[in-house]
Every structure is written in structure tokens, then in C-alpha cells.
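Colleague: Got a structure here, written out as C-alpha cells. Questions coming.
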Amino acid sequence: MILSLESQAPAIKVQNWLRGEALANFQPNYVYVLEFFGTSCPHCVAPMLNLTQLQEKYRDRGLEVVGVAADEKAATADQAHANLDAWLTKNVPKLNFRVGIDCSGEMEKLWKEASFSFGVPFSFVVDRDSRIAFIGHPTDLDDVLPHVLEGTWRSSDQAKAFERGRIAKGREEALMNPILDKFNAAIEMEDWKTALPAIEEAIALTPDDIDLRMTHVETLLYKMRDMQTGLAVLRQLVRDAIDRNDQEWLLSALDQLFNPEEYDYTDFPSVERLAMGKELSEHILALTGLEDEVKAPYYRAVAPYYYESGDKARAVELLELALKLAGGLPLPDNIKQPVLEDWLQTLADYKGEEARSGDVCVVPRTNISSGATPKGGEDEPG
């Protein structure tokens with residue numbers, strides 16, 4: 001039976017409680033958040049910290065947060081308990097809600113598997129009548145919880161639409177996971193003949209997934225070295241990217257063509273590569289009405305095509321435009337600075353002389369791979 005909006009909440013099958021009093025049953029007139037998390041999950045700390053704030057904020061309105069560690073990997077249960085205790089002490093020092101651990105698999109089965117929920121962190125909200133009010137990612141709790149506490153969420157069109165989308169995505173993921181497991185196992189063993197049909201099966205299930213399409217190309221061209229089939233698949237990816245006019249697809253297609261640090265183009269006919277690069281680059285540069293945050297990565301992405309096709313001046317011009325636009329983007333310094341330094345380094349390589357932006361100055365690299373990035377000091381691509 002599917003666990004979804006309005007379902008009766010399943011039982012609580014936590015084996016041990018490491019923080020707070022034991023909770024055997026959901027109590028009437030309380031709203032509960034069950035947060036599934038794991039100590040090996042790097043993305044679980046922030047949601048747990050946010051939940052301490054939500055517990056404090058809404059405690060007087062009947063909110064009770066419950067943390068559930070149900071996917072701990074350790075040699076023994078005692079070791080799993082010790083790992084969890086240390087993780088909580090380090091990462092959530094001001095914890096103000098219950099936390100339990102289940103190593104039996106019951107909580108996973110009753111809650112996550114029954115609701116097509118995968119991975120951690122993952123949240124369930126149980127309403128005052130012990131029925132499911134929300135299933136989803138903890139980042140949505142800030143918006144959803146006030147409505148649940150007011151008693152207006154479950155009957156809303158927004159809740160019903162969210163649940164329909166969640167179940168559809170969950171069913172798709174349930175079908176996809178065994179296929180991807182098969183693919184990843186084959187990749188690990190370098191069994192390309194098994195990996196290829198697995199990724200093609202995954203694409204047939206979700207043809208709009210650009211990551212799967214990229215993996216398909218990579219498997220054929222750079223793992224199996226099947227140039228004939230791989231080039232046909234890549235050409236179709238280029239056409240689809242242009243037809244969709246989607247930034248992620250366009251940039252991904254260009255990345256397949258001009259990323260020598262990632263891909264070995266030894267067997268890739270340069271005529272084919274430049275032809276596809278030309279088609280993509282000219283399409284991108286013909287786009288109008290774009291925001292600076294879109295134009296900057298586009299200019300950076302098409303510059304290697306012009307460099308490799310022999311138009312060094314155009315490549316330098318595009319990189320300089322990208323740097324000028326990117327410098328003013330409202331991005332955190334820890335994200336923006338490495339990007340700008342990488343772009344500036346490529347500019348120096350293309351010019352064969354030092355390049356400067358603000359206080360940052362770089363010189364051309366030497367003895368680097370040929371392809372989209374030239375050897376230091378050369379005027380023409382290698």
C-alpha cells in the first residue's frame with residue numbers, strides 16, 4: 001500500500017533513543033516532523049540545524065521533531081550507536097528534539113519504501129490526527145509547516161499538486177534505481193557491454209535527463225571508443241540541445257566537445273568536433289535578450305571552439321567579455337572566485353601572455369594538454 005497524503009501514519013519502529021524520551025505512538029493534537037538522516041550524509045547537517053530552530057519556534061503550537069537514523073553502516077549496532085552519538089555531539093550541539101536509531105530496516109520499509117522516498121535527508125510531517133500531511137525534502141518545511149499547524153495544508157490544491165508530482169517522480173525513481181545500480185556495477189568492473197544497454201534503458205525511461213544523455217555519449221566515445229555509434233549519439237544530443245534551447249543542455253553538449261582535461265579526443269575526428277562546435281556556438285551567440293548571468297558562461301563555453309578553429313582573436317574577445325560580465329554577478333566569493341581564476345587562466349593561455357583581473361594576475365601555463373587549451377605561448381591550437 002502506498003504511503004501518501006492523508007494516509008494513516010505508520011508505526012514508530014525505532015530500536016533505541018539516543019536523545020530525548022522514547023516515543024511509542026503519535027499523540028493527538030501534536031504535529032510531528034520525522035526527519036530521516038544519516039551520519040555519512042554531508043547534506044544532512046544543515047537540515048538538522050534548521051529543525052532545531054523550527055522546534056524552538058513552533059513548540060508552543062504543538063510541534064514535535066523526531067530525528068531517525070535508519071541507514072547507518074557499522075560492524076555492530078553498538079558501533080553504529082557510538083558513531084551517531086559522536087556525529088550529533090559534533091554537528092548538532094544544541095539539539096532540542098528526540099533522535100532514534102533503527103538498524104533493523106523496519107523504518108525504511110514502513111516509511112520510505114512505502115512512499116517511494118529515496119535517500120537522505122527526507123522529511124515526513126504527521127498531522128494532529130496522526131495522518132500524513134507532507135512527504136518531501138526538509139528545505140520545504142519552512143513553507144509547509146505554518147500551513148500544517150494552521151490546519152489548512154492537507155486540503156489545499158498546493159498540497160495535492162505537490163503530492164501528485166512527488167508520487168510520479170518517486171515511481172520513476174523506483175524503476176530507475178535498479179537500472180542505475182546495474183550500470184554503476186558494470187562501470188566499476190569496466191564491463192562496457194553490460195553498461196551500455198543499462199544506460200540506454202535508463203534513457204528510454206527518462207529521455208529528458210541530460211546527465212543520462214551525457215553518460216551515454218561518454219560511455220560510447222571515451223570508454224568503448226566506438227566512434228561511429230558515439231558520434232551519431234553526440235550529434236543527436238547537439239540537435240536536441242539546440243531544439244530545446246536549454247542552457248544546461250547547450251553547455252553540456254559543448255563540454256563534450258571542448259574539455260581535454262576530462263576527455264581524450266585522440267580518436268575523435270577534429271572535423272566532426274569543430275563542425276558540431278560551430279553549430280552550437282553560432283546558435284548560442286545568436287540568442288538575444290539574455291541576462292548577464294546566462295551570457296557569461298555561454299561566452300566562456302564557446303571560446304574554445306573559436307580558439308581551436310583558428311580564430312584566436314574571437315576566442316580572446318569572448319573570454320574577456322565573460323570575465324567582465326561574471327565579475328559583477330551576485331555570487332558568493334567562495335563560488336565566484338575560483339570560476340573567475342579558471343577563466344582568467346584560460347585567457348592567459350589563449351593570449352600567450354599574462355592576464356589580469358582586479359588583483360589577480362596569472363601567466364600562461366606550459367606543458368599542458370592540447371585541444372581546447374593550447375600549449376603556453378602558441379598562437380595556433382595544438
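Residue numbering restarts at 1 for every chain of the C-alpha cells, chains are lettered A, B, ... in their displayed order, and ligands are numbered from 1 as they appear.
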Based on the backbone DSSP call, show me all residues of stretch 132-341 of chain A assigned alpha helix (DSSP H), as number ranges by chain.
Modeller: A: 141-150, 157-188, 192-205, 210-218, 227-244, 247-257, 270-285, 292-308, 312-326, 333-341
Colleague: So that I can see what lies close to stretch 139-143 of chain A, please list as a PyMOL selection string the residues with an atom at most 10 Å from it, counting only C-alpha atoms and leaving out residues fewer than 6 positions away in the same chain.
Modeller: chain A and resi 33+46-47+50-51+54+121-125
Colleague: Using only C-alpha atoms for the distances, tell me which of A:Met227, A:Leu110, A:Ala301, A:Ile179 is nearest to A:Thr206.
Modeller: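 Checking each of A:Met227, A:Leu110, A:Ala301, A:Ile179 against A:Thr206, counting only C-alpha atoms, the winner is A:Ile179.
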Colleague: With DSSP run on the backbone, what are the strand (DSSP E) residues within stretch 40-121 of chain A? I'd like them as a list of chain:residue names.
Modeller: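 For stretch 40-121 of chain A, the strand (DSSP E) set is A:Leu63, A:Glu64, A:Val65, A:Val66, A:Gly67, A:Val68, A:Ala69, A:Arg98, A:Val99, A:Gly100, A:Ile101.
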Colleague: Could you dump the residues just selected with N, CA and C atoms as an mmCIF file, in the first residue's frame?
Modeller:
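File part29.cif, as written:
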data_model
loop_
_atom_site.group_PDB
_atom_site.id
_atom_site.type_symbol
_atom_site.label_atom_id
_atom_site.label_comp_id
_atom_site.auth_asym_id
_atom_site.auth_seq_id
_atom_site.Cartn_x
_atom_site.Cartn_y
_atom_site.Cartn_z
ATOM 1 N N LEU A 63 4.416 21.474 17.901
ATOM 2 C CA LEU A 63 5.338 20.765 17.020
ATOM 3 C C LEU A 63 6.286 19.885 17.820
ATOM 4 N N GLU A 64 6.482 18.661 17.344
ATOM 5 C CA GLU A 64 7.473 17.754 17.918
ATOM 6 C C GLU A 64 8.310 17.192 16.776
ATOM 7 N N VAL A 65 9.613 17.461 16.799
ATOM 8 C CA VAL A 65 10.532 16.951 15.782
ATOM 9 C C VAL A 65 11.150 15.649 16.273
ATOM 10 N N VAL A 66 11.266 14.696 15.369
ATOM 11 C CA VAL A 66 11.864 13.399 15.687
ATOM 12 C C VAL A 66 12.896 13.066 14.612
ATOM 13 N N GLY A 67 14.144 12.918 14.993
ATOM 14 C CA GLY A 67 15.183 12.516 14.058
ATOM 15 C C GLY A 67 15.288 10.997 14.022
ATOM 16 N N VAL A 68 15.431 10.444 12.820
ATOM 17 C CA VAL A 68 15.511 8.991 12.655
ATOM 18 C C VAL A 68 16.740 8.646 11.814
ATOM 19 N N ALA A 69 17.682 7.925 12.421
ATOM 20 C CA ALA A 69 18.847 7.415 11.695
ATOM 21 C C ALA A 69 18.555 5.958 11.367
ATOM 22 N N ARG A 98 13.944 14.714 19.923
ATOM 23 C CA ARG A 98 14.262 13.282 20.009
ATOM 24 C C ARG A 98 15.056 12.809 18.790
ATOM 25 N N VAL A 99 15.946 11.858 19.027
ATOM 26 C CA VAL A 99 16.637 11.187 17.933
ATOM 27 C C VAL A 99 16.720 9.704 18.253
ATOM 28 N N GLY A 100 16.253 8.891 17.315
ATOM 29 C CA GLY A 100 16.316 7.446 17.475
ATOM 30 C C GLY A 100 17.084 6.795 16.349
ATOM 31 N N ILE A 101 17.480 5.545 16.564
ATOM 32 C CA ILE A 101 18.213 4.798 15.553
ATOM 33 C C ILE A 101 17.517 3.452 15.318
#
Colleague: So which residues touch stretch 159-164 of chain A within 8 Å, counting only C-alpha atoms, skipping near sequence neighbours fewer than 4 positions away, as a list in words?
Modeller: Ser4, Leu5, Phe134, Ile135, Trp153, Arg154, Ser155 and Ala168 of chain A
Colleague: Ranking A:Leu180, A:Leu257, A:Val92, A:Leu340 by minimum distance to A:Pro269 and counting only C-alpha atoms, which one comes first?
Modeller: A:Leu257
Colleague: As a list of chain:residue names, please: the residues near A:Ala322 (cut-off 9 Å, only C-alpha atoms, same-chain neighbours under 3 positions excluded).
Modeller: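 Counting only C-alpha atoms, the residues come to A:Asp292, A:Lys295, A:Ala296, A:Pro297, A:Tyr298, A:Tyr299, A:Arg300, A:Glu317, A:Leu318, A:Leu319, A:Leu325, A:Ala326, A:Gly327, A:Trp343.
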